[in-house]
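Colleague: Sharing start-v9.pdb here; it has PDB, C-alpha atoms.
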ATOM      1  CA  MET A1322      -9.140 -10.119   4.772
ATOM      2  CA  TYR A1323      -9.851  -6.956   6.729
ATOM      3  CA  ALA A1324     -11.943  -3.908   5.988
ATOM      4  CA  ARG A1325     -11.467  -0.426   7.276
ATOM      5  CA  ILE A1326     -14.334   2.049   7.303
ATOM      6  CA  LYS A1327     -13.661   5.604   6.270
ATOM      7  CA  PRO A1328     -15.967   8.237   7.767
ATOM      8  CA  VAL A1329     -18.822   8.437   5.260
ATOM      9  CA  SER A1330     -19.243  11.766   3.497
ATOM     10  CA  LYS A1331     -22.607  13.463   3.584
ATOM     11  CA  SER A1332     -22.882  13.564  -0.191
ATOM     12  CA  ASN A1333     -24.039   9.979  -0.576
ATOM     13  CA  ASN A1334     -26.727   7.999   1.133
ATOM     14  CA  LEU A1335     -24.726   4.851   1.663
ATOM     15  CA  LYS A1336     -25.276   3.276   5.014
ATOM     16  CA  LEU A1337     -22.756   0.902   6.483
ATOM     17  CA  LEU A1338     -24.092  -1.191   9.283
ATOM     18  CA  LYS A1339     -21.724  -3.306  11.269
ATOM     19  CA  ASN A1340     -23.520  -6.432  12.430
ATOM     20  CA  ASN A1341     -20.655  -7.699  14.544
ATOM     21  CA  GLU A1342     -16.839  -7.806  14.526
ATOM     22  CA  SER A1343     -16.698  -9.422  11.104
ATOM     23  CA  GLU A1344     -19.925  -8.725   9.215
ATOM     24  CA  ILE A1345     -20.976  -5.587   7.422
ATOM     25  CA  TRP A1346     -24.219  -4.628   5.726
ATOM     26  CA  VAL A1347     -24.088  -2.088   2.910
ATOM     27  CA  ASP A1348     -27.409  -0.286   2.505
ATOM     28  CA  ILE A1349     -27.430   1.709  -0.732
ATOM     29  CA  GLY A1350     -30.600   3.495   0.337
ATOM     30  CA  ASP A1351     -31.973   6.048  -2.090
ATOM     31  CA  SER A1352     -28.698   6.983  -3.733
ATOM     32  CA  GLY A1353     -29.902   7.404  -7.290
ATOM     33  CA  ASN A1354     -28.182   6.100 -10.400
ATOM     34  CA  TYR A1355     -24.654   6.027  -9.087
ATOM     35  CA  TYR A1356     -25.077   2.820  -7.107
ATOM     36  CA  SER A1357     -28.008   1.441  -9.082
ATOM     37  CA  SER A1358     -26.017  -1.528 -10.333
ATOM     38  CA  MET A1359     -25.439  -2.616  -6.760
ATOM     39  CA  ALA A1360     -27.911  -4.340  -4.541
ATOM     40  CA  ASN A1361     -27.811  -4.127  -0.784
ATOM     41  CA  GLN A1362     -25.059  -6.445   0.197
ATOM     42  CA  ASN A1363     -23.693  -8.316   3.147
ATOM     43  CA  PHE A1364     -19.952  -8.921   3.473
ATOM     44  CA  THR A1365     -18.105 -11.171   5.870
ATOM     45  CA  LEU A1366     -14.477 -10.430   6.623
ATOM     46  CA  ASP A1367     -11.912 -11.368   9.245
ATOM     47  CA  LYS A1368     -12.293  -8.087  11.018
ATOM     48  CA  ILE A1369     -13.772  -4.675  10.373
ATOM     49  CA  PHE A1370     -12.183  -1.522  11.701
ATOM     50  CA  ASP A1371     -14.418   1.376  12.646
ATOM     51  CA  GLU A1372     -13.980   4.986  11.561
ATOM     52  CA  GLN A1373     -12.255   5.962  14.789
ATOM     53  CA  VAL A1374      -9.641   3.200  14.695
ATOM     54  CA  ALA A1375      -6.090   4.541  14.208
ATOM     55  CA  ASN A1376      -3.346   3.123  11.963
ATOM     56  CA  GLU A1377      -1.587   1.696  15.040
ATOM     57  CA  GLU A1378      -4.591  -0.427  15.916
ATOM     58  CA  VAL A1379      -4.961  -1.622  12.329
ATOM     59  CA  PHE A1380      -1.308  -2.665  12.401
ATOM     60  CA  MET A1381      -1.630  -4.403  15.781
ATOM     61  CA  ASN A1382      -4.594  -6.462  14.589
ATOM     62  CA  THR A1383      -3.340  -7.363  11.114
ATOM     63  CA  ILE A1384       0.405  -7.578  10.515
ATOM     64  CA  GLN A1385       1.814  -7.632  14.034
ATOM     65  CA  PRO A1386       0.495 -11.125  14.906
ATOM     66  CA  VAL A1387       1.990 -12.687  11.748
ATOM     67  CA  LEU A1388       5.246 -10.714  11.644
ATOM     68  CA  PRO A1389       7.233 -13.245  13.765
ATOM     69  CA  ASN A1390       6.678 -15.736  10.901
ATOM     70  CA  LEU A1391       8.871 -13.554   8.702
ATOM     71  CA  LEU A1392      11.812 -14.337  10.992
ATOM     72  CA  ASP A1393      11.199 -18.046  10.406
ATOM     73  CA  GLY A1394      11.426 -17.646   6.647
ATOM     74  CA  TYR A1395       7.823 -17.097   5.621
ATOM     75  CA  ASN A1396       6.939 -14.331   3.163
ATOM     76  CA  ILE A1397       4.265 -11.798   4.048
ATOM     77  CA  THR A1398       2.302  -9.458   1.807
ATOM     78  CA  ALA A1399       0.025  -6.631   2.898
ATOM     79  CA  LEU A1400      -2.128  -5.374   0.048
ATOM     80  CA  ALA A1401      -4.384  -2.331   0.149
ATOM     81  CA  TYR A1402      -7.299  -2.405  -2.297
ATOM     82  CA  GLY A1403     -10.192  -0.014  -2.761
ATOM     83  CA  VAL A1404     -11.705   2.825  -4.744
ATOM     84  CA  THR A1405     -10.020   6.191  -5.210
ATOM     85  CA  GLY A1406     -10.058   8.225  -2.018
ATOM     86  CA  ALA A1407     -10.873   5.274   0.236
ATOM     87  CA  GLY A1408      -7.763   5.852   2.337
ATOM     88  CA  LYS A1409      -5.414   3.105   1.173
ATOM     89  CA  THR A1410      -2.327   5.288   1.066
ATOM     90  CA  TYR A1411      -3.249   6.808   4.422
ATOM     91  CA  THR A1412      -3.416   3.321   5.920
ATOM     92  CA  MET A1413      -0.147   2.171   4.355
ATOM     93  CA  PHE A1414       1.942   5.350   4.652
ATOM     94  CA  GLY A1415       0.144   7.626   7.108
ATOM     95  CA  ASN A1416      -0.045  11.288   6.244
ATOM     96  CA  GLY A1417       3.507  11.348   4.839
ATOM     97  CA  PHE A1418       2.366  12.434   1.399
ATOM     98  CA  GLU A1419       0.231  15.220   2.734
ATOM     99  CA  THR A1420       2.886  16.629   5.052
ATOM    100  CA  PHE A1421       5.387  16.475   2.213
ATOM    101  CA  ASN A1422       3.137  18.165  -0.302
ATOM    102  CA  ARG A1423       2.005  20.854   2.125
ATOM    103  CA  ASN A1424       5.159  21.681   4.105
ATOM    104  CA  LYS A1425       7.940  19.778   2.277
ATOM    105  CA  GLN A1426       8.445  17.942   5.529
ATOM    106  CA  MET A1427       9.735  14.386   5.236
ATOM    107  CA  GLN A1428       8.612  12.932   8.546
ATOM    108  CA  PRO A1429       4.963  11.940   8.647
ATOM    109  CA  GLN A1430       3.076  12.984  11.768
ATOM    110  CA  ILE A1431       0.854   9.962  11.506
ATOM    111  CA  LYS A1432       2.656   6.735  10.754
ATOM    112  CA  GLY A1433       1.285   4.206   8.332
ATOM    113  CA  VAL A1434       1.219   0.444   8.631
ATOM    114  CA  THR A1435       4.417   0.131   6.549
ATOM    115  CA  LEU A1436       6.563   2.240   8.850
ATOM    116  CA  LEU A1437       5.040   0.668  11.960
ATOM    117  CA  THR A1438       5.824  -2.790  10.603
ATOM    118  CA  ILE A1439       9.429  -1.989   9.726
ATOM    119  CA  GLU A1440       9.991  -0.460  13.171
ATOM    120  CA  HIS A1441       8.491  -3.529  14.798
ATOM    121  CA  LEU A1442      10.559  -5.834  12.580
ATOM    122  CA  PHE A1443      13.817  -4.301  13.843
ATOM    123  CA  HIS A1444      12.500  -4.596  17.371
ATOM    124  CA  LEU A1445      11.783  -8.313  16.832
ATOM    125  CA  LEU A1446      15.175  -8.881  15.233
ATOM    126  CA  GLU A1447      17.026  -7.225  18.097
ATOM    127  CA  ASN A1448      15.076  -9.290  20.610
ATOM    128  CA  GLU A1449      15.743 -12.533  18.790
ATOM    129  CA  GLN A1450      19.393 -11.672  18.393
ATOM    130  CA  SER A1451      19.928 -11.072  22.100
ATOM    131  CA  GLN A1452      17.929 -14.211  22.953
ATOM    132  CA  VAL A1453      19.753 -16.512  20.547
ATOM    133  CA  VAL A1454      23.211 -15.219  21.398
ATOM    134  CA  LYS A1455      22.484 -15.661  25.112
ATOM    135  CA  THR A1456      21.258 -19.240  24.879
ATOM    136  CA  HIS A1457      23.355 -20.705  22.039
ATOM    137  CA  GLN A1458      26.995 -20.359  21.104
ATOM    138  CA  VAL A1459      26.369 -18.757  17.761
ATOM    139  CA  ASP A1460      27.005 -15.586  15.814
ATOM    140  CA  TYR A1461      23.745 -14.017  14.750
ATOM    141  CA  SER A1462      23.549 -11.382  12.065
ATOM    142  CA  TYR A1463      20.755  -9.956   9.971
ATOM    143  CA  PHE A1464      20.599  -7.920   6.827
ATOM    144  CA  VAL A1465      17.616  -5.909   5.665
ATOM    145  CA  GLU A1466      17.206  -4.534   2.140
ATOM    146  CA  ILE A1467      14.378  -2.264   1.102
ATOM    147  CA  SER A1468      13.220  -1.395  -2.404
ATOM    148  CA  TYR A1469      10.439   0.976  -3.388
ATOM    149  CA  LEU A1470       8.861   1.094  -6.817
ATOM    150  CA  GLU A1471       5.721   2.291  -8.479
ATOM    151  CA  VAL A1472       3.822   0.969 -11.464
ATOM    152  CA  TYR A1473       2.494   3.959 -13.366
ATOM    153  CA  ASN A1474       0.771   3.610 -16.754
ATOM    154  CA  GLU A1475       2.028   0.007 -16.940
ATOM    155  CA  LYS A1476       5.661   1.086 -16.471
ATOM    156  CA  ILE A1477       7.901   0.479 -13.502
ATOM    157  CA  ARG A1478       9.604   3.433 -11.830
ATOM    158  CA  ASP A1479      12.200   3.046  -9.094
ATOM    159  CA  LEU A1480      11.331   5.545  -6.381
ATOM    160  CA  LEU A1481      14.716   5.332  -4.660
ATOM    161  CA  ARG A1482      16.625   6.321  -7.775
ATOM    162  CA  ASN A1483      17.095   9.771  -9.204
ATOM    163  CA  ASP A1484      17.475   8.891 -12.891
ATOM    164  CA  GLU A1485      13.799   8.219 -13.376
ATOM    165  CA  GLN A1486      13.917   7.553 -17.086
ATOM    166  CA  ILE A1487      15.464   4.103 -16.775
ATOM    167  CA  GLN A1488      13.018   1.394 -17.780
ATOM    168  CA  LEU A1489      12.994  -1.639 -15.549
ATOM    169  CA  ALA A1490      11.767  -5.088 -16.490
ATOM    170  CA  ILE A1491      10.178  -7.763 -14.364
ATOM    171  CA  LEU A1492      11.894 -11.137 -14.693
ATOM    172  CA  GLU A1493      11.284 -14.518 -13.162
ATOM    173  CA  ASN A1494      14.155 -16.300 -11.508
ATOM    174  CA  PRO A1495      13.740 -19.974 -10.561
ATOM    175  CA  ASP A1496      15.609 -19.467  -7.280
ATOM    176  CA  SER A1497      14.427 -16.119  -6.071
ATOM    177  CA  GLY A1498      11.054 -15.760  -7.817
ATOM    178  CA  THR A1499      10.114 -12.475  -9.412
ATOM    179  CA  VAL A1500      13.043 -10.108  -9.701
ATOM    180  CA  ILE A1501      13.575  -6.664 -11.144
ATOM    181  CA  PRO A1502      17.240  -6.286 -12.066
ATOM    182  CA  GLY A1503      18.699  -2.875 -11.368
ATOM    183  CA  LEU A1504      16.210  -1.930  -8.685
ATOM    184  CA  LYS A1505      17.954   0.087  -6.023
ATOM    185  CA  LYS A1506      17.917  -1.305  -2.501
TER     186      LYS A1506
ATOM    187  CA  MET B 863      10.103   8.672   3.860
ATOM    188  CA  VAL B 864      12.452   8.964   0.915
ATOM    189  CA  GLY B 865      10.812   8.058  -2.358
ATOM    190  CA  ASN B 866       7.353   9.298  -1.444
ATOM    191  CA  GLU B 867       8.142  12.652  -2.981
ATOM    192  CA  LYS B 868       8.573  10.979  -6.361
ATOM    193  CA  ARG B 869       5.283   9.096  -6.320
ATOM    194  CA  THR B 870       2.845  10.175  -8.983
ATOM    195  CA  MET B 871       0.074  12.149  -7.331
ATOM    196  CA  ALA B 872      -2.789  14.174  -8.677
ATOM    197  CA  ALA B 873      -5.895  15.782  -7.355
ATOM    198  CA  THR B 874      -9.110  13.949  -8.099
ATOM    199  CA  GLN B 875     -12.674  14.843  -7.234
ATOM    200  CA  SER B 876     -12.490  12.825  -4.054
ATOM    201  CA  ASN B 877      -8.905  13.316  -2.941
ATOM    202  CA  GLN B 878      -6.452  16.193  -3.200
ATOM    203  CA  PHE B 879      -3.391  13.906  -3.101
ATOM    204  CA  SER B 880      -4.573  10.856  -4.927
ATOM    205  CA  SER B 881      -2.055   8.103  -5.659
ATOM    206  CA  ARG B 882      -2.052   7.527  -9.388
ATOM    207  CA  SER B 883       0.132   4.466  -9.319
ATOM    208  CA  HIS B 884       0.554   1.129  -7.618
ATOM    209  CA  ALA B 885       3.422   1.229  -5.139
ATOM    210  CA  ILE B 886       5.350  -1.737  -3.827
ATOM    211  CA  ILE B 887       7.768  -1.641  -0.937
ATOM    212  CA  GLN B 888       9.700  -4.830  -0.603
ATOM    213  CA  VAL B 889      11.706  -5.629   2.509
ATOM    214  CA  CYS B 890      14.149  -8.511   2.045
ATOM    215  CA  LEU B 891      15.388 -10.031   5.264
ATOM    216  CA  THR B 892      18.448 -12.257   5.408
ATOM    217  CA  LYS B 893      19.283 -13.887   8.728
ATOM    218  CA  LYS B 894      22.568 -15.648   9.252
ATOM    219  CA  ILE B 895      23.268 -17.827  12.252
ATOM    220  CA  VAL B 896      26.736 -19.343  12.517
ATOM    221  CA  SER B 897      27.701 -21.853  15.163
ATOM    222  CA  GLN B 898      30.867 -20.783  16.956
ATOM    223  CA  LYS B 899      32.035 -24.386  17.429
ATOM    224  CA  THR B 900      31.236 -26.160  14.206
ATOM    225  CA  LYS B 901      30.994 -23.095  11.937
ATOM    226  CA  GLU B 902      27.744 -24.590  10.691
ATOM    227  CA  LYS B 903      25.651 -21.974   8.952
ATOM    228  CA  ILE B 904      21.915 -21.374   8.834
ATOM    229  CA  ILE B 905      20.685 -18.742   6.411
ATOM    230  CA  ILE B 906      17.041 -17.734   6.418
ATOM    231  CA  LYS B 907      15.696 -15.457   3.701
ATOM    232  CA  SER B 908      12.239 -13.965   3.594
ATOM    233  CA  LYS B 909      10.367 -11.152   1.934
ATOM    234  CA  LEU B 910       7.856  -8.673   3.222
ATOM    235  CA  ASN B 911       5.759  -6.857   0.611
ATOM    236  CA  PHE B 912       3.633  -3.773   1.054
ATOM    237  CA  VAL B 913       1.355  -3.052  -1.860
ATOM    238  CA  ASP B 914      -0.534   0.211  -2.101
ATOM    239  CA  LEU B 915      -2.711  -0.121  -5.170
ATOM    240  CA  ALA B 916      -4.031   2.835  -7.068
ATOM    241  CA  GLY B 917      -7.737   3.278  -6.537
ATOM    242  CA  SER B 918     -10.249   1.893  -8.961
ATOM    243  CA  GLU B 919     -12.509   4.580 -10.306
ATOM    244  CA  LYS B 920     -15.401   5.456 -12.510
ATOM    245  CA  ASP B 921     -14.803   7.639 -15.511
ATOM    246  CA  HIS B 922     -16.563  10.714 -14.143
ATOM    247  CA  ASN B 923     -15.441  12.851 -17.040
ATOM    248  CA  GLY B 924     -17.297  10.637 -19.443
ATOM    249  CA  SER B 925     -20.658  11.577 -17.985
ATOM    250  CA  LYS B 926     -22.800  13.966 -20.000
ATOM    251  CA  ASP B 927     -22.704  16.883 -17.557
ATOM    252  CA  ASN B 928     -18.929  17.037 -17.364
ATOM    253  CA  ARG B 929     -18.312  16.529 -21.046
ATOM    254  CA  PHE B 930     -20.143  19.776 -21.632
ATOM    255  CA  ASN B 931     -17.852  21.599 -19.194
ATOM    256  CA  ASN B 932     -14.773  20.379 -21.027
ATOM    257  CA  PHE B 933     -15.716  22.299 -24.141
ATOM    258  CA  ASN B 934     -15.725  25.492 -22.162
ATOM    259  CA  VAL B 935     -12.308  25.099 -20.593
ATOM    260  CA  ASN B 936      -9.728  23.813 -23.036
ATOM    261  CA  ILE B 937      -6.839  23.459 -20.597
ATOM    262  CA  LYS B 938      -8.987  21.485 -18.225
ATOM    263  CA  HIS B 939      -9.902  19.170 -21.069
ATOM    264  CA  GLN B 940      -6.227  18.394 -21.765
ATOM    265  CA  LYS B 941      -5.610  17.588 -18.110
ATOM    266  CA  ASP B 942      -8.688  15.424 -17.937
ATOM    267  CA  THR B 943      -7.639  13.446 -20.983
ATOM    268  CA  ASN B 944      -4.323  12.575 -19.340
ATOM    269  CA  GLN B 945      -6.021  11.647 -16.133
ATOM    270  CA  ARG B 946      -8.533   9.466 -17.963
ATOM    271  CA  HIS B 947      -5.678   7.680 -19.679
ATOM    272  CA  GLU B 948      -4.126   7.219 -16.242
ATOM    273  CA  GLY B 949      -7.422   6.009 -14.836
ATOM    274  CA  SER B 950      -7.934   3.508 -17.628
ATOM    275  CA  ASN B 951      -4.454   2.099 -17.038
ATOM    276  CA  ILE B 952      -5.216   1.836 -13.331
ATOM    277  CA  ASN B 953      -8.463  -0.007 -13.958
ATOM    278  CA  LYS B 954      -6.870  -2.224 -16.590
ATOM    279  CA  SER B 955      -4.169  -3.382 -14.200
ATOM    280  CA  LEU B 956      -6.619  -3.883 -11.354
ATOM    281  CA  LEU B 957      -8.733  -6.030 -13.645
ATOM    282  CA  ALA B 958      -5.736  -8.285 -14.231
ATOM    283  CA  LEU B 959      -5.664  -8.921 -10.477
ATOM    284  CA  GLY B 960      -9.341  -9.847 -10.454
ATOM    285  CA  ASN B 961      -8.832 -12.448 -13.158
TER     286      ASN B 961
END
Just dump the structure as structure tokens.
Modeller:
Amino acid sequence: MYARIKPVSKSNNLKLLKNNESEIWVDIGDSGNYYSSMANQNFTLDKIFDEQVANEEVFMNTIQPVLPNLLDGYNITALAYGVTGAGKTYTMFGNGFETFNRNKQMQPQIKGVTLLTIEHLFHLLENEQSQVVKTHQVDYSYFVEISYLEVYNEKIRDLLRNDEQIQLAILENPDSGTVIPGLKK
Amino acid sequence: MVGNEKRTMAATQSNQFSSRSHAIIQVCLTKKIVSQKTKEKIIIKSKLNFVDLAGSEKDHNGSKDNRFNNFNVNIKHQKDTNQRHEGSNINKSLLALGN
């Protein structure tokens, strides 16, 4: 588990003190009622990223080291969790949403972890392909499918489809695990 | 990125473009290696998930100070009610994860 620190706004008195690479001390200070249910707390995580760390560095220290496992058949999940405004979407997707909402521009100027991972995945696949074909007498091919959905008010919406009204259901399949029939890839 | 434009977004107190939904990007990888001599096949399948959860939040609008404001501005009240419904669904689904 990793934590990423967002620059703290001046409006609250929270103090985050990084003890070392993997320990953080949350000092609630004199912050009034809002945090009264919390005591000062100490958290230990795998790694803590400072305010000035960019998405690239987060990617390099989290997903990049485990990504080769995907090529060997292991599944990987990256999950962003936190309060509203903590910067989860920024970490995962960069500033794509902001550039789109402001200038209707599709390409994000700052890439998120998702895009960085997919780029790196193709890089790994191409490398492995050229390696394997060179050393063994085999045909090597790969096939990548991507789906994108959102769960909004307990309903599933396919974000790659234009007819948004279609209701999708989550089903379990003994062979392939959880599946959502009809989801566009 | 295609699809981002369709994501449900709304302005909250803390964020102008707040994600109001959980988003999942799933990358399914299928690798096929076929021996040229024996035609023996190896197929490797794996999945890569990216989950961007909606943020957990406190019901700010429920506090005494803001409830008073809602009486003054009717349209704002309507919008807030929808967003509170949204927020309660977000928190409900996040709670399921915690359990």
Colleague: Residues of chain A no more than 8 Å from chain B, counting all atoms listed in the file: send them over as number ranges by chain.
Modeller: A: 1391-1407, 1409-1410, 1413, 1417-1419, 1421-1422, 1427-1429, 1435, 1458-1475, 1480-1481
Colleague: Taking 6 positions as the minimum chain separation for residues in the same chain, which residues sit within 9 Å of A:Asp1371 when counting only C-alpha atoms? Answer as a PDB file with C-alpha atoms, in the coordinates of the input.
Modeller:
ATOM      1  CA  ALA A1324     -11.943  -3.908   5.988  1.00  0.00           C
ATOM      2  CA  ARG A1325     -11.467  -0.426   7.276  1.00  0.00           C
ATOM      3  CA  ILE A1326     -14.334   2.049   7.303  1.00  0.00           C
ATOM      4  CA  LYS A1327     -13.661   5.604   6.270  1.00  0.00           C
ATOM      5  CA  PRO A1328     -15.967   8.237   7.767  1.00  0.00           C
ATOM      6  CA  LYS A1339     -21.724  -3.306  11.269  1.00  0.00           C
TER       7      LYS A1339
END
Colleague: Distance atom CA of A:Tyr1411-atom CA of A:Ile1431, one decimal place?
Modeller: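 Between these atoms lies a distance of 8.8 Å.
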Colleague: Could you check which of A:Gly1415, A:Glu1447, A:Val1374, A:Lys1368 is closest to A:Gln1430, using all atoms listed in the file?
Modeller: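 Checking each of A:Gly1415, A:Glu1447, A:Val1374, A:Lys1368 against A:Gln1430, counting all atoms listed in the file, the winner is A:Gly1415.
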Colleague: How many Å separate atom CA of A:Met1381 from atom CA of A:Ile1345?
Modeller: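 Between these atoms lies a distance of 21.1 Å.
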Colleague: Figure out the distance between atom CA of A:Leu1436 and atom CA of A:Ser1451, please, to one decimal in Å.
Modeller: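 We find that atom CA of A:Ser1451 and atom CA of A:Leu1436 lie 23.1 Å from each other.
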Colleague: Could you check which of A:Ile1384, A:Ala1375, A:Ile1477, A:Val1434 is closest to A:Met1322, using all atoms listed in the file?
Modeller: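 Closest residue, counting all atoms listed in the file: A:Ile1384.
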